[in-house]
file target.txt (compact mmCIF, C-alpha atoms and all ligand atoms)
# COMPACT_ATOMS: atom_id res chain seq x y z
CA MET A 19 99.57 114.85 70.66
CA ALA A 20 96.85 112.21 70.09
CA ALA A 21 93.26 113.34 70.80
CA ALA A 22 93.03 110.13 72.83
CA ARG A 23 95.14 111.88 75.49
CA THR A 24 93.12 115.14 75.70
CA ILE A 25 91.70 116.05 79.10
CA ILE A 26 89.47 119.07 79.67
CA VAL A 27 89.72 120.82 83.03
CA ALA A 28 86.88 123.23 83.89
CA GLY A 29 88.20 126.02 86.15
CA ALA A 30 91.58 127.73 86.47
CA GLY A 31 91.66 128.13 90.26
CA ILE A 32 94.47 126.64 92.35
CA GLY A 33 93.01 123.14 91.86
CA GLY A 34 92.47 123.38 88.09
CA LEU A 35 95.87 124.92 87.34
CA THR A 36 97.69 122.35 89.51
CA ALA A 37 95.72 119.54 87.87
CA ALA A 38 96.66 120.81 84.40
CA LEU A 39 100.38 120.93 85.32
CA SER A 40 100.26 117.49 87.00
CA LEU A 41 98.45 115.92 84.04
CA ALA A 42 100.75 117.56 81.46
CA ALA A 43 103.75 116.27 83.44
CA LYS A 44 102.36 112.75 82.87
CA GLY A 45 102.14 113.31 79.11
CA PHE A 46 98.49 114.33 78.74
CA ARG A 47 97.32 117.22 76.58
CA VAL A 48 95.15 119.55 78.67
CA ILE A 49 92.59 122.20 77.75
CA ILE A 50 91.58 124.48 80.64
CA LEU A 51 88.24 126.30 80.36
CA GLU A 52 87.99 129.32 82.66
CA LYS A 53 84.85 131.41 82.67
CA ALA A 54 86.58 134.58 83.92
CA GLU A 55 88.02 136.84 81.22
CA ARG A 56 91.15 137.25 83.32
CA LEU A 57 92.37 135.67 86.52
CA GLU A 58 91.69 138.28 89.17
CA GLU A 59 94.10 139.51 91.82
CA ALA A 60 91.28 138.56 94.20
CA GLY A 61 91.56 136.69 97.47
CA ALA A 62 93.71 136.99 100.53
CA GLY A 63 96.32 134.81 102.16
CA LEU A 64 96.69 131.05 101.98
CA GLN A 65 98.71 128.75 104.21
CA LEU A 66 100.37 125.87 102.38
CA SER A 67 101.68 123.09 104.59
CA PRO A 68 104.32 120.56 103.42
CA ASN A 69 101.76 118.05 102.10
CA ALA A 70 100.81 120.64 99.44
CA SER A 71 104.05 122.59 98.99
CA ARG A 72 105.88 119.30 98.27
CA ILE A 73 103.68 118.81 95.19
CA LEU A 74 104.30 122.37 93.97
CA VAL A 75 108.06 121.95 94.48
CA ASP A 76 107.97 118.67 92.51
CA LEU A 77 106.19 120.53 89.69
CA GLY A 78 109.16 122.92 89.55
CA LEU A 79 107.38 125.92 91.09
CA ARG A 80 109.82 126.75 93.89
CA PRO A 81 111.76 129.40 91.88
CA ARG A 82 108.52 131.13 90.85
CA LEU A 83 107.18 131.17 94.44
CA ALA A 84 110.33 131.77 96.48
CA ALA A 85 110.32 135.57 96.25
CA ARG A 86 106.69 135.93 97.34
CA ALA A 87 106.11 133.04 99.77
CA VAL A 88 107.10 133.47 103.43
CA THR A 89 108.28 130.63 105.69
CA PRO A 90 106.91 131.50 109.16
CA GLU A 91 109.13 130.82 112.17
CA ALA A 92 106.23 129.72 114.35
CA ILE A 93 102.50 129.56 114.87
CA ASN A 94 101.66 131.63 117.95
CA ILE A 95 98.46 130.51 119.61
CA MET A 96 96.87 133.32 121.58
CA SER A 97 93.80 133.32 123.76
CA ALA A 98 91.55 136.34 124.23
CA ARG A 99 90.62 134.95 127.66
CA ALA A 100 94.29 134.71 128.73
CA GLY A 101 95.09 138.07 127.09
CA GLY A 102 98.03 136.75 125.06
CA GLU A 103 100.14 133.79 123.95
CA ILE A 104 99.48 130.32 125.36
CA ALA A 105 101.65 128.28 122.95
CA ARG A 106 104.27 128.77 120.26
CA LEU A 107 104.56 125.96 117.70
CA PRO A 108 107.95 126.04 115.98
CA LEU A 109 107.94 125.98 112.16
CA GLY A 110 110.75 127.66 110.18
CA GLU A 111 113.57 125.90 108.37
CA ALA A 112 113.84 123.09 110.96
CA ALA A 113 110.22 122.06 110.38
CA SER A 114 110.73 122.31 106.60
CA LEU A 115 113.77 120.03 106.85
CA ARG A 116 111.84 117.51 108.96
CA ALA A 117 108.93 117.42 106.53
CA GLY A 118 111.13 117.59 103.44
CA ALA A 119 109.12 120.56 102.12
CA PRO A 120 108.40 124.11 103.28
CA TYR A 121 105.49 125.53 105.28
CA TRP A 122 104.57 128.61 103.25
CA VAL A 123 102.18 131.51 103.70
CA MET A 124 101.41 133.62 100.67
CA HIS A 125 98.82 135.68 98.84
CA ARG A 126 96.35 133.56 96.90
CA ALA A 127 96.98 135.74 93.84
CA ASP A 128 100.75 135.05 94.02
CA LEU A 129 100.18 131.31 94.01
CA GLN A 130 97.69 131.59 91.17
CA ALA A 131 100.11 133.82 89.18
CA ALA A 132 102.99 131.32 89.63
CA LEU A 133 100.76 128.43 88.50
CA LEU A 134 99.48 130.49 85.59
CA ALA A 135 103.01 131.36 84.42
CA ALA A 136 103.96 127.65 84.49
CA VAL A 137 100.77 126.75 82.61
CA SER A 138 101.41 129.43 79.98
CA ASP A 139 104.95 128.10 79.42
CA HIS A 140 103.77 124.53 78.93
CA PRO A 141 103.35 123.50 75.28
CA ASP A 142 100.72 120.83 76.06
CA ILE A 143 98.34 123.08 78.03
CA ASP A 144 95.83 125.31 76.29
CA LEU A 145 94.26 127.83 78.72
CA ARG A 146 91.07 129.41 77.38
CA LEU A 147 89.98 132.43 79.40
CA GLY A 148 86.43 133.76 79.08
CA CYS A 149 85.35 130.24 78.17
CA GLN A 150 82.70 128.58 80.29
CA PHE A 151 81.95 124.89 80.66
CA GLU A 152 78.30 124.40 79.75
CA ASP A 153 77.46 120.78 79.04
CA VAL A 154 78.90 117.32 78.45
CA THR A 155 77.70 114.13 76.78
CA SER A 156 79.28 110.68 76.91
CA HIS A 157 79.58 108.35 73.90
CA ALA A 158 81.72 105.52 72.54
CA LYS A 159 84.58 107.84 71.55
CA GLY A 160 84.74 109.58 74.92
CA LEU A 161 83.13 112.90 75.85
CA THR A 162 81.85 115.89 73.91
CA VAL A 163 82.23 118.99 76.05
CA VAL A 164 80.23 122.11 75.20
CA GLN A 165 81.87 125.41 76.09
CA ARG A 166 80.55 128.94 75.70
CA ARG A 167 82.42 132.15 74.94
CA GLY A 168 79.98 135.07 74.90
CA ASN A 169 77.11 133.89 72.70
CA ALA A 170 79.24 131.41 70.76
CA ARG A 171 79.13 127.72 71.61
CA GLN A 172 81.89 125.29 70.70
CA GLN A 173 82.25 121.53 71.08
CA GLU A 174 85.41 119.67 71.95
CA LEU A 175 86.17 115.95 72.05
CA ALA A 176 88.03 114.72 75.12
CA THR A 177 88.68 111.51 77.01
CA THR A 178 88.09 112.98 80.46
CA LEU A 179 86.46 116.03 82.04
CA VAL A 180 87.72 117.36 85.37
CA GLY A 181 85.33 119.67 87.24
CA ALA A 182 87.68 122.03 89.11
CA ASP A 183 85.15 124.83 88.90
CA GLY A 184 84.84 125.67 92.58
CA ILE A 185 82.11 125.47 95.17
CA TRP A 186 79.34 126.56 92.76
CA SER A 187 80.52 123.96 90.23
CA ALA A 188 78.55 123.60 86.99
CA VAL A 189 80.16 120.20 86.38
CA ARG A 190 78.96 118.92 89.79
CA ASN A 191 75.54 120.36 89.10
CA HIS A 192 75.46 118.35 85.87
CA LEU A 193 76.36 115.11 87.71
CA PHE A 194 74.69 115.56 91.08
CA PRO A 195 72.13 118.41 90.88
CA GLU A 196 70.75 117.49 94.31
CA VAL A 197 74.02 118.48 96.05
CA GLN A 198 73.99 122.14 97.09
CA PRO A 199 76.46 124.24 99.13
CA GLN A 200 75.31 124.94 102.68
CA PHE A 201 75.85 128.22 104.53
CA SER A 202 77.83 127.62 107.74
CA GLY A 203 76.52 130.65 109.66
CA LEU A 204 80.06 132.06 109.68
CA ILE A 205 81.57 134.95 107.75
CA ALA A 206 85.25 135.50 106.98
CA TRP A 207 86.44 139.10 106.94
CA ARG A 208 89.81 139.80 105.44
CA GLY A 209 92.12 142.71 104.91
CA THR A 210 95.77 143.45 104.45
CA LEU A 211 98.13 145.85 106.20
CA ASP A 212 101.33 147.45 105.03
CA ALA A 213 103.88 145.70 107.30
CA THR A 214 106.00 148.86 107.69
CA THR A 215 103.14 150.62 109.51
CA LEU A 216 103.04 148.11 112.41
CA PRO A 217 105.25 147.65 115.48
CA ARG A 218 107.84 144.84 115.08
CA GLU A 219 106.01 142.33 117.33
CA TYR A 220 103.15 142.26 114.85
CA THR A 221 105.26 141.82 111.73
CA SER A 222 107.75 139.06 112.56
CA ALA A 223 107.45 136.01 110.31
CA ARG A 224 104.87 134.05 112.26
CA VAL A 225 101.26 132.98 112.04
CA GLN A 226 99.22 134.53 114.86
CA LEU A 227 96.05 132.70 115.81
CA TRP A 228 93.78 134.51 118.27
CA MET A 229 90.99 132.36 119.78
CA GLY A 230 88.12 134.14 121.46
CA PRO A 231 84.44 134.04 122.37
CA ASP A 232 82.46 133.15 119.20
CA ALA A 233 85.19 134.47 116.91
CA HIS A 234 88.81 134.06 115.93
CA LEU A 235 91.49 136.03 114.18
CA VAL A 236 94.46 134.91 112.07
CA ALA A 237 97.31 137.13 110.85
CA TYR A 238 100.49 136.35 108.93
CA PRO A 239 102.91 137.97 106.49
CA ILE A 240 102.40 137.64 102.72
CA SER A 241 103.88 139.15 99.54
CA GLY A 242 107.51 138.70 100.61
CA ALA A 243 106.58 139.91 104.15
CA ARG A 244 105.71 143.38 102.84
CA GLN A 245 102.08 142.92 103.85
CA ILE A 246 100.20 141.32 106.74
CA ASN A 247 97.12 139.29 105.90
CA VAL A 248 94.40 139.55 108.57
CA VAL A 249 91.35 137.26 108.60
CA ALA A 250 88.58 137.42 111.22
CA ILE A 251 85.88 134.75 111.46
CA VAL A 252 82.58 135.73 113.09
CA PRO A 253 79.01 134.40 113.11
CA GLY A 254 76.49 136.15 110.89
CA THR A 255 73.50 135.81 108.61
CA TRP A 256 74.81 137.57 105.49
CA ASN A 257 75.18 134.69 103.04
CA ARG A 258 75.79 135.83 99.48
CA PRO A 259 78.16 133.83 97.24
CA GLY A 260 81.47 135.46 96.22
CA TRP A 261 84.88 136.23 97.69
CA SER A 262 85.20 139.99 97.84
CA ALA A 263 82.14 141.93 99.04
CA PRO A 264 83.04 145.17 100.87
CA GLY A 265 82.51 145.00 104.64
CA GLU A 266 81.70 147.78 107.13
CA ALA A 267 84.60 148.01 109.65
CA ASN A 268 82.38 149.07 112.57
CA GLU A 269 80.31 145.91 112.24
CA LEU A 270 83.46 143.82 112.70
CA LYS A 271 84.84 145.98 115.49
CA SER A 272 81.70 145.39 117.52
CA ALA A 273 82.34 141.60 117.30
CA PHE A 274 85.76 142.24 118.86
CA ALA A 275 84.52 144.39 121.75
CA SER A 276 87.02 145.52 124.40
CA GLN A 277 85.25 143.68 127.25
CA ARG A 278 86.12 140.35 125.59
CA TRP A 279 89.20 141.00 123.44
CA PRO A 280 92.60 142.37 124.52
CA ALA A 281 94.01 145.54 122.96
CA THR A 282 96.68 143.67 120.95
CA ALA A 283 94.05 141.73 119.01
CA ARG A 284 91.82 144.79 118.62
CA MET A 285 94.76 146.78 117.31
CA LEU A 286 95.06 144.41 114.32
CA ILE A 287 91.34 144.76 113.59
CA GLY A 288 91.52 148.54 113.92
CA ALA A 289 94.54 148.90 111.63
CA VAL A 290 92.95 147.31 108.56
CA ASP A 291 91.54 149.68 106.02
CA GLY A 292 89.11 148.27 103.48
CA TRP A 293 87.66 145.03 104.78
CA ARG A 294 86.33 142.42 102.34
CA ARG A 295 84.15 139.56 103.46
CA TRP A 296 82.94 136.23 102.23
CA ALA A 297 80.27 133.96 103.60
CA LEU A 298 81.59 130.49 104.43
CA PHE A 299 79.78 127.74 102.54
CA THR A 300 80.61 124.04 102.72
CA LEU A 301 79.53 120.95 100.80
CA PRO A 302 78.05 117.87 102.45
CA ASP A 303 79.82 114.58 101.70
CA ILE A 304 78.83 113.97 98.07
CA GLY A 305 79.72 110.26 98.23
CA GLU A 306 80.92 109.68 94.67
CA TRP A 307 83.40 112.15 93.17
CA THR A 308 83.26 110.67 89.68
CA ASP A 309 80.79 109.46 87.10
CA GLY A 310 82.18 107.57 84.08
CA ALA A 311 84.93 109.72 82.56
CA ILE A 312 84.05 112.82 84.62
CA ALA A 313 85.70 113.66 87.96
CA LEU A 314 85.37 116.46 90.50
CA LEU A 315 88.33 118.06 92.24
CA GLY A 316 88.98 120.73 94.89
CA ASP A 317 86.13 122.88 96.18
CA ALA A 318 83.79 121.41 93.55
CA ALA A 319 84.06 118.07 95.39
CA HIS A 320 84.62 119.07 99.01
CA ALA A 321 84.49 122.78 99.88
CA MET A 322 85.32 122.96 103.59
CA LEU A 323 85.62 125.44 106.42
CA PRO A 324 89.05 127.09 106.29
CA PHE A 325 90.01 126.38 109.94
CA ALA A 326 92.46 123.59 109.16
CA ALA A 327 93.99 125.86 106.45
CA GLN A 328 93.71 122.97 103.99
CA GLY A 329 91.19 124.03 101.27
CA ALA A 330 93.84 124.82 98.67
CA GLY A 331 96.08 122.04 100.04
CA MET A 332 93.42 119.38 99.46
CA ALA A 333 92.79 120.69 95.91
CA ILE A 334 96.54 120.42 95.22
CA GLU A 335 96.67 116.88 96.63
CA ASP A 336 93.61 115.91 94.54
CA ALA A 337 95.40 117.15 91.41
CA ALA A 338 98.49 115.04 92.06
CA VAL A 339 96.49 111.87 92.84
CA LEU A 340 94.22 112.34 89.83
CA ALA A 341 97.21 112.62 87.48
CA LYS A 342 98.83 109.55 89.03
CA CYS A 343 95.67 107.42 88.78
CA LEU A 344 95.00 108.45 85.18
CA SER A 345 98.57 107.85 84.04
CA GLU A 346 98.82 104.46 85.77
CA GLY A 347 95.38 103.26 84.94
CA SER A 348 94.39 104.37 81.48
CA GLY A 349 97.25 105.42 79.21
CA ASP A 350 95.74 105.68 75.74
CA ASN A 351 92.96 103.26 76.66
CA ILE A 352 89.65 105.14 76.95
CA ALA A 353 87.92 102.11 78.44
CA GLY A 354 90.21 102.25 81.50
CA ILE A 355 89.36 105.85 82.42
CA PRO A 356 86.24 105.33 84.57
CA ALA A 357 88.07 102.76 86.72
CA ALA A 358 91.12 105.05 87.04
CA LEU A 359 88.85 107.91 88.16
CA LYS A 360 87.06 105.67 90.65
CA ARG A 361 90.46 104.81 92.17
CA TYR A 362 91.18 108.53 92.43
CA GLY A 363 87.91 109.14 94.29
CA ARG A 364 88.50 106.20 96.62
CA GLN A 365 92.05 107.34 97.44
CA ARG A 366 90.95 110.88 98.21
CA ARG A 367 87.58 110.74 99.89
CA GLY A 368 88.54 109.27 103.29
CA ARG A 369 91.40 111.70 103.83
CA VAL A 370 89.41 114.73 102.75
CA LEU A 371 86.47 113.79 105.01
CA ARG A 372 88.91 113.54 107.93
CA VAL A 373 90.37 116.97 107.15
CA GLN A 374 86.84 118.43 106.83
CA ARG A 375 85.97 117.02 110.26
CA ALA A 376 89.20 118.39 111.74
CA ALA A 377 88.42 121.85 110.32
CA ARG A 378 84.91 121.86 111.83
CA GLN A 379 86.20 120.70 115.19
CA GLN A 380 89.00 123.28 115.15
CA GLY A 381 86.44 126.06 114.59
CA ARG A 382 84.35 124.92 117.57
CA ILE A 383 87.44 124.83 119.80
CA TYR A 384 88.62 128.29 118.69
CA HIS A 385 85.25 129.88 119.52
CA LEU A 386 84.69 128.39 123.00
CA THR A 387 83.55 130.68 125.80
CA GLY A 388 83.62 130.70 129.64
CA PRO A 389 84.91 127.62 131.54
CA LEU A 390 85.29 125.63 128.33
CA ALA A 391 87.70 128.26 126.98
CA LEU A 392 89.68 128.03 130.22
CA ALA A 393 89.84 124.22 129.92
CA ARG A 394 90.98 124.55 126.29
CA ASP A 395 93.78 126.96 127.19
CA LEU A 396 94.98 124.74 130.04
CA ALA A 397 94.94 121.65 127.80
CA ILE A 398 96.99 123.45 125.12
CA LYS A 399 99.55 124.58 127.69
CA ALA A 400 99.76 121.10 129.21
CA MET A 401 100.26 119.47 125.84
CA GLY A 402 103.25 121.63 124.90
CA PRO A 403 104.29 122.85 121.45
CA GLU A 404 105.99 119.69 120.15
CA ARG A 405 102.99 117.47 120.88
CA MET A 406 100.60 120.10 119.51
CA LEU A 407 102.55 120.21 116.26
CA ALA A 408 102.85 116.42 116.08
CA ARG A 409 99.04 116.27 116.02
CA GLN A 410 99.29 117.71 112.49
CA ASN A 411 101.73 115.05 111.22
CA TRP A 412 98.98 113.00 109.57
CA ILE A 413 98.19 116.04 107.45
CA TYR A 414 101.71 117.35 106.76
CA ASP A 415 103.52 114.02 106.17
CA TRP A 416 101.14 112.84 103.46
CA ARG A 417 102.72 111.90 100.13
CA VAL A 418 101.21 111.10 96.71
C1 LIG B 1 88.42 134.77 93.52
C2 LIG B 1 88.70 133.78 94.63
C3 LIG B 1 89.23 134.24 95.82
C4 LIG B 1 89.48 133.35 96.87
N1 LIG B 1 89.98 133.83 98.01
C5 LIG B 1 90.29 132.98 99.00
C6 LIG B 1 90.89 133.46 100.17
O1 LIG B 1 91.12 134.64 100.30
N2 LIG B 1 91.19 132.58 101.16
C7 LIG B 1 90.92 131.22 101.03
O2 LIG B 1 91.22 130.45 101.93
N3 LIG B 1 90.35 130.74 99.92
C8 LIG B 1 90.03 131.58 98.91
N4 LIG B 1 89.48 131.10 97.79
C9 LIG B 1 89.20 129.65 97.75
C10 LIG B 1 90.44 128.84 97.56
O3 LIG B 1 91.21 129.39 96.54
C11 LIG B 1 89.92 127.47 97.25
O4 LIG B 1 89.28 126.93 98.39
C12 LIG B 1 90.97 126.48 96.93
O5 LIG B 1 92.09 127.05 96.36
C13 LIG B 1 90.39 125.39 96.05
O6 LIG B 1 90.39 125.89 94.74
P1 LIG B 1 89.58 125.32 93.53
O7 LIG B 1 90.51 125.41 92.36
O8 LIG B 1 88.96 124.02 93.82
O9 LIG B 1 88.36 126.35 93.34
P2 LIG B 1 88.36 127.89 93.05
O10 LIG B 1 89.57 128.55 93.57
O11 LIG B 1 87.05 128.41 93.48
O12 LIG B 1 88.45 127.98 91.45
C14 LIG B 1 87.37 127.63 90.59
C15 LIG B 1 87.57 128.31 89.24
O13 LIG B 1 86.58 127.81 88.33
C16 LIG B 1 86.06 128.87 87.58
N5 LIG B 1 84.72 128.48 87.10
C17 LIG B 1 83.56 128.44 87.81
N6 LIG B 1 82.56 127.99 87.02
C18 LIG B 1 83.11 127.72 85.80
C19 LIG B 1 82.57 127.21 84.57
N7 LIG B 1 81.27 126.86 84.45
N8 LIG B 1 83.41 127.06 83.51
C20 LIG B 1 84.74 127.41 83.62
N9 LIG B 1 85.27 127.90 84.77
C21 LIG B 1 84.48 128.04 85.84
C22 LIG B 1 86.06 130.05 88.54
O14 LIG B 1 86.03 131.27 87.85
C23 LIG B 1 87.38 129.81 89.29
O15 LIG B 1 88.48 130.43 88.63
C24 LIG B 1 89.20 131.95 96.72
C25 LIG B 1 88.66 131.49 95.51
C26 LIG B 1 88.42 132.39 94.47
C27 LIG B 1 87.86 131.89 93.16
call {"tool": "encode", "arguments": {"input": "target.txt", "output": "structure tokens", "more": "lines below"}}
Ligand SMILES: Cc1cc2nc3c(=O)[nH]c(=O)nc-3n(C[C@H](O)[C@H](O)[C@H](O)COP(=O)(O)OP(=O)(O)OC[C@H]3O[C@@H](n4cnc5c(N)ncnc54)[C@H](O)[C@@H]3O)c2cc1C
result
Amino acid sequence: MAAARTIIVAGAGIGGLTAALSLAAKGFRVIILEKAERLEEAGAGLQLSPNASRILVDLGLRPRLAARAVTPEAINIMSARAGGEIARLPLGEAASLRAGAPYWVMHRADLQAALLAAVSDHPDIDLRLGCQFEDVTSHAKGLTVVQRRGNARQQELATTLVGADGIWSAVRNHLFPEVQPQFSGLIAWRGTLDATTLPREYTSARVQLWMGPDAHLVAYPISGARQINVVAIVPGTWNRPGWSAPGEANELKSAFASQRWPATARMLIGAVDGWRRWALFTLPDIGEWTDGAIALLGDAAHAMLPFAAQGAGMAIEDAAVLAKCLSEGSGDNIAGIPAALKRYGRQRRGRVLRVQRAARQQGRIYHLTGPLALARDLAIKAMGPERMLARQNWIYDWRV
């Protein structure tokens, strides 16, 4: 394959792996640099709505994901104030048929493993683990990317560099050092449960969302429904980077005190053994996502609060749009790359900002207290499940 078609992707997360597959499908040769020596089994559940699953299906991933992904029958919205369910939004096969793609819930590690297997099978993708992006310089022939493995440095010529290296992105830091992640004041706690240990009403294939005073709780089946993923979001000051710090169960239990939370919600919290927590950081709007032949993608460009369940989804959409813009706009012509990348940024930024806003607003609504919580619950009941679900159509019906 001509060097003129070589693209380097920094980061083998969901965004970087999907970008590599999307670019290779358009005929590009891709080198992925991943600083981790191996891709960890880290992380908890992810929800993938049809806007994102459609892209994975088009990349041929359905057979690799089918055994592990779960299609929930419904999203059950529960209110701590009301003591139980206030709405049930139907998903299941009917919703998948309407959207033309499934709504999936799965373990992050399962998605990453499926993407990794597809990447490893692809002859035009070279995944380099333990290899860190370090520096990049632009010149007439394209880019020279410096990568580091241990103490050894190596240079590689490429036409384009894609920074898919997550919220603490080194590529973004190279382009826009003034942009820094901001701590949201919220902490996500997560754990998993063996589904066979719970009563049936907790383990049916549904997403449970519990809204309550200053906190919320989400639970759904993962790993072929053998496990239940539980995530609790609470305010806090602990703000270290990372995805997997151990958490002290009693600290979380006190945020879900019995005076404010019903026993059914507290039962889920109490049943988890081995909590992990991560501080929620977000990025401010960085304005430009590209500079010359370098582009940012996924959390590196727009890390957001997880309350719209679209962080991975937006990274997957970015990957598909980036590949489309590069294949339509540049071909073997290096001079066309900056304009193609600018088009990518323009096509993505407005939508992602809207999703970021929706996620922030969702979080505020979930955590309401007192009369405002009552008004919220009444409004949800009055709206009804079909209208509630239709409010998500602008997210789910999106196509490349
Ligand atoms: C270990 C882990 C666990 C997660 N767990 C959850 C979870 O439980 N729930 C949830 O909603 N979201 C989780 N996320 C975030 C979620 O996966 C992302 O929001 C989303 O998928 C967007 O992914 P991304 O590819 O943009 O970034 P990320 O998933 O963060 O991937 C970035 C990748 O870049 C690599 N990298 C960083 N710096 C460099 C460098 N200089 N050179 C080369 N490679 C580099 C990182 O090692 C990482 O593999 C997790 C992310 C990680 C990395």
call {"tool": "closest_residue", "arguments": {"input": "target.txt", "among": "A:Arg190, A:Arg116, A:Arg284, A:His234", "to": "Pro68 (chain A)", "atoms": "only C-alpha atoms"}}
result
A:Arg116
call {"tool": "closest_residue", "arguments": {"input": "target.txt", "among": "A:Ser276, A:Gln150, A:Asn69, A:Gln130", "to": "Ala117 (chain A)", "atoms": "all atoms listed in the file"}}
result
A:Asn69
call {"tool": "residues_around", "arguments": {"input": "target.txt", "residues": "region 285-288 of chain A", "least_positions_apart": "6", "cutoff": "12 Å", "atoms": "all atoms listed in the file", "output": "compact mmCIF listing (two decimals) with C-alpha atoms, in the frame of the given file"}}
result
# COMPACT_ATOMS: atom_id res chain seq x y z
CA TRP A 207 86.44 139.10 106.94
CA ARG A 208 89.81 139.80 105.44
CA GLY A 209 92.12 142.71 104.91
CA THR A 210 95.77 143.45 104.45
CA LEU A 211 98.13 145.85 106.20
CA ASP A 212 101.33 147.45 105.03
CA ALA A 213 103.88 145.70 107.30
CA THR A 215 103.14 150.62 109.51
CA LEU A 216 103.04 148.11 112.41
CA PRO A 217 105.25 147.65 115.48
CA GLU A 219 106.01 142.33 117.33
CA TYR A 220 103.15 142.26 114.85
CA THR A 221 105.26 141.82 111.73
CA GLN A 226 99.22 134.53 114.86
CA LEU A 227 96.05 132.70 115.81
CA TRP A 228 93.78 134.51 118.27
CA HIS A 234 88.81 134.06 115.93
CA LEU A 235 91.49 136.03 114.18
CA VAL A 236 94.46 134.91 112.07
CA ALA A 237 97.31 137.13 110.85
CA TYR A 238 100.49 136.35 108.93
CA ILE A 246 100.20 141.32 106.74
CA ASN A 247 97.12 139.29 105.90
CA VAL A 248 94.40 139.55 108.57
CA VAL A 249 91.35 137.26 108.60
CA ALA A 250 88.58 137.42 111.22
CA ILE A 251 85.88 134.75 111.46
CA GLU A 266 81.70 147.78 107.13
CA ALA A 267 84.60 148.01 109.65
CA ASN A 268 82.38 149.07 112.57
CA GLU A 269 80.31 145.91 112.24
CA LEU A 270 83.46 143.82 112.70
CA LYS A 271 84.84 145.98 115.49
CA SER A 272 81.70 145.39 117.52
CA ALA A 273 82.34 141.60 117.30
CA PHE A 274 85.76 142.24 118.86
CA ALA A 275 84.52 144.39 121.75
CA SER A 276 87.02 145.52 124.40
CA TRP A 279 89.20 141.00 123.44
call {"tool": "closest_residue", "arguments": {"input": "target.txt", "among": "A:Ala30, A:Ala42, A:Leu371, A:Ala136", "to": "ligand LIG 1 (chain B)", "atoms": "all atoms listed in the file"}}
result
A:Ala30
call {"tool": "residues_around", "arguments": {"input": "target.txt", "residues": "Met124 (chain A)", "least_positions_apart": "6", "cutoff": "6 Å", "atoms": "all atoms listed in the file", "output": "PDB file with C-alpha atoms, keeping the file's coordinate frame"}}
result
ATOM      1  CA  GLY A  63      96.320 134.810 102.160  1.00  0.00           C
ATOM      2  CA  LEU A  64      96.690 131.050 101.980  1.00  0.00           C
ATOM      3  CA  ALA A  87     106.110 133.040  99.770  1.00  0.00           C
ATOM      4  CA  ILE A 240     102.400 137.640 102.720  1.00  0.00           C
TER       5      ILE A 240
END
call {"tool": "closest_residue", "arguments": {"input": "target.txt", "among": "A:Ala85, A:Val154, A:Ala176, A:Leu79", "to": "ligand LIG 1 (chain B)", "atoms": "all atoms listed in the file"}}
result
A:Val154
call {"tool": "residues_around", "arguments": {"input": "target.txt", "residues": "region 377-391 of chain A", "least_positions_apart": "4", "cutoff": "7 Å", "atoms": "only C-alpha atoms", "output": "JSON, numbers by chain"}}
result
{"A": [229, 230, 231, 232, 233, 234, 323, 324, 325, 326, 373, 395]}
call {"tool": "atom_distance", "arguments": {"input": "target.txt", "atom1": "CA of Ala321 (chain A)", "atom2": "CA of Trp293 (chain A)"}}
result
23.0 Å
call {"tool": "atom_distance", "arguments": {"input": "target.txt", "atom1": "CA of Ser202 (chain A)", "atom2": "CA of Phe151 (chain A)"}}
result
27.5 Å
call {"tool": "atom_distance", "arguments": {"input": "target.txt", "atom1": "CA of Asn191 (chain A)", "atom2": "CA of Met322 (chain A)"}}
result
17.7 Å
call {"tool": "residues_around", "arguments": {"input": "target.txt", "residues": "Lys159 (chain A)", "least_positions_apart": "3", "cutoff": "12 Å", "atoms": "all atoms listed in the file", "output": "list of chain:residue names"}}
result
A:Ala21, A:Ala22, A:Arg23, A:Thr24, A:Thr155, A:Ser156, A:Thr162, A:Glu174, A:Leu175, A:Ala176, A:Thr177, A:Thr178, A:Ala311, A:Asn351, A:Ile352, A:Ala353
call {"tool": "residues_around", "arguments": {"input": "target.txt", "residues": "region 343-347 of chain A", "least_positions_apart": "5", "cutoff": "12 Å", "atoms": "all atoms listed in the file", "output": "VMD selection string"}}
result
chain A and resid 23 to 25 37 40 to 46 177 to 180 311 to 313 336 to 338 352 to 366 418
call {"tool": "closest_residue", "arguments": {"input": "target.txt", "among": "A:Thr255, A:Ser138, A:Gln65, A:Thr214", "to": "Val48 (chain A)", "atoms": "all atoms listed in the file"}}
result
A:Ser138
call {"tool": "closest_residue", "arguments": {"input": "target.txt", "among": "A:Asp139, A:Glu58, A:Asp291, A:Glu91", "to": "ligand LIG 1 (chain B)", "atoms": "all atoms listed in the file"}}
result
A:Glu58
call {"tool": "residues_near_point", "arguments": {"input": "target.txt", "point": "(74.9, 131.0, 116.4)", "cutoff": "8 Å", "atoms": "only C-alpha atoms", "output": "number ranges by chain"}}
result
A: 203, 253-254
call {"tool": "write_last_selection", "arguments": {"input": "target.txt", "atoms": "C-alpha atoms", "output": "compact mmCIF listing (two decimals), in the frame of the given file"}}
result
# COMPACT_ATOMS: atom_id res chain seq x y z
CA GLY A 203 76.52 130.65 109.66
CA PRO A 253 79.01 134.40 113.11
CA GLY A 254 76.49 136.15 110.89
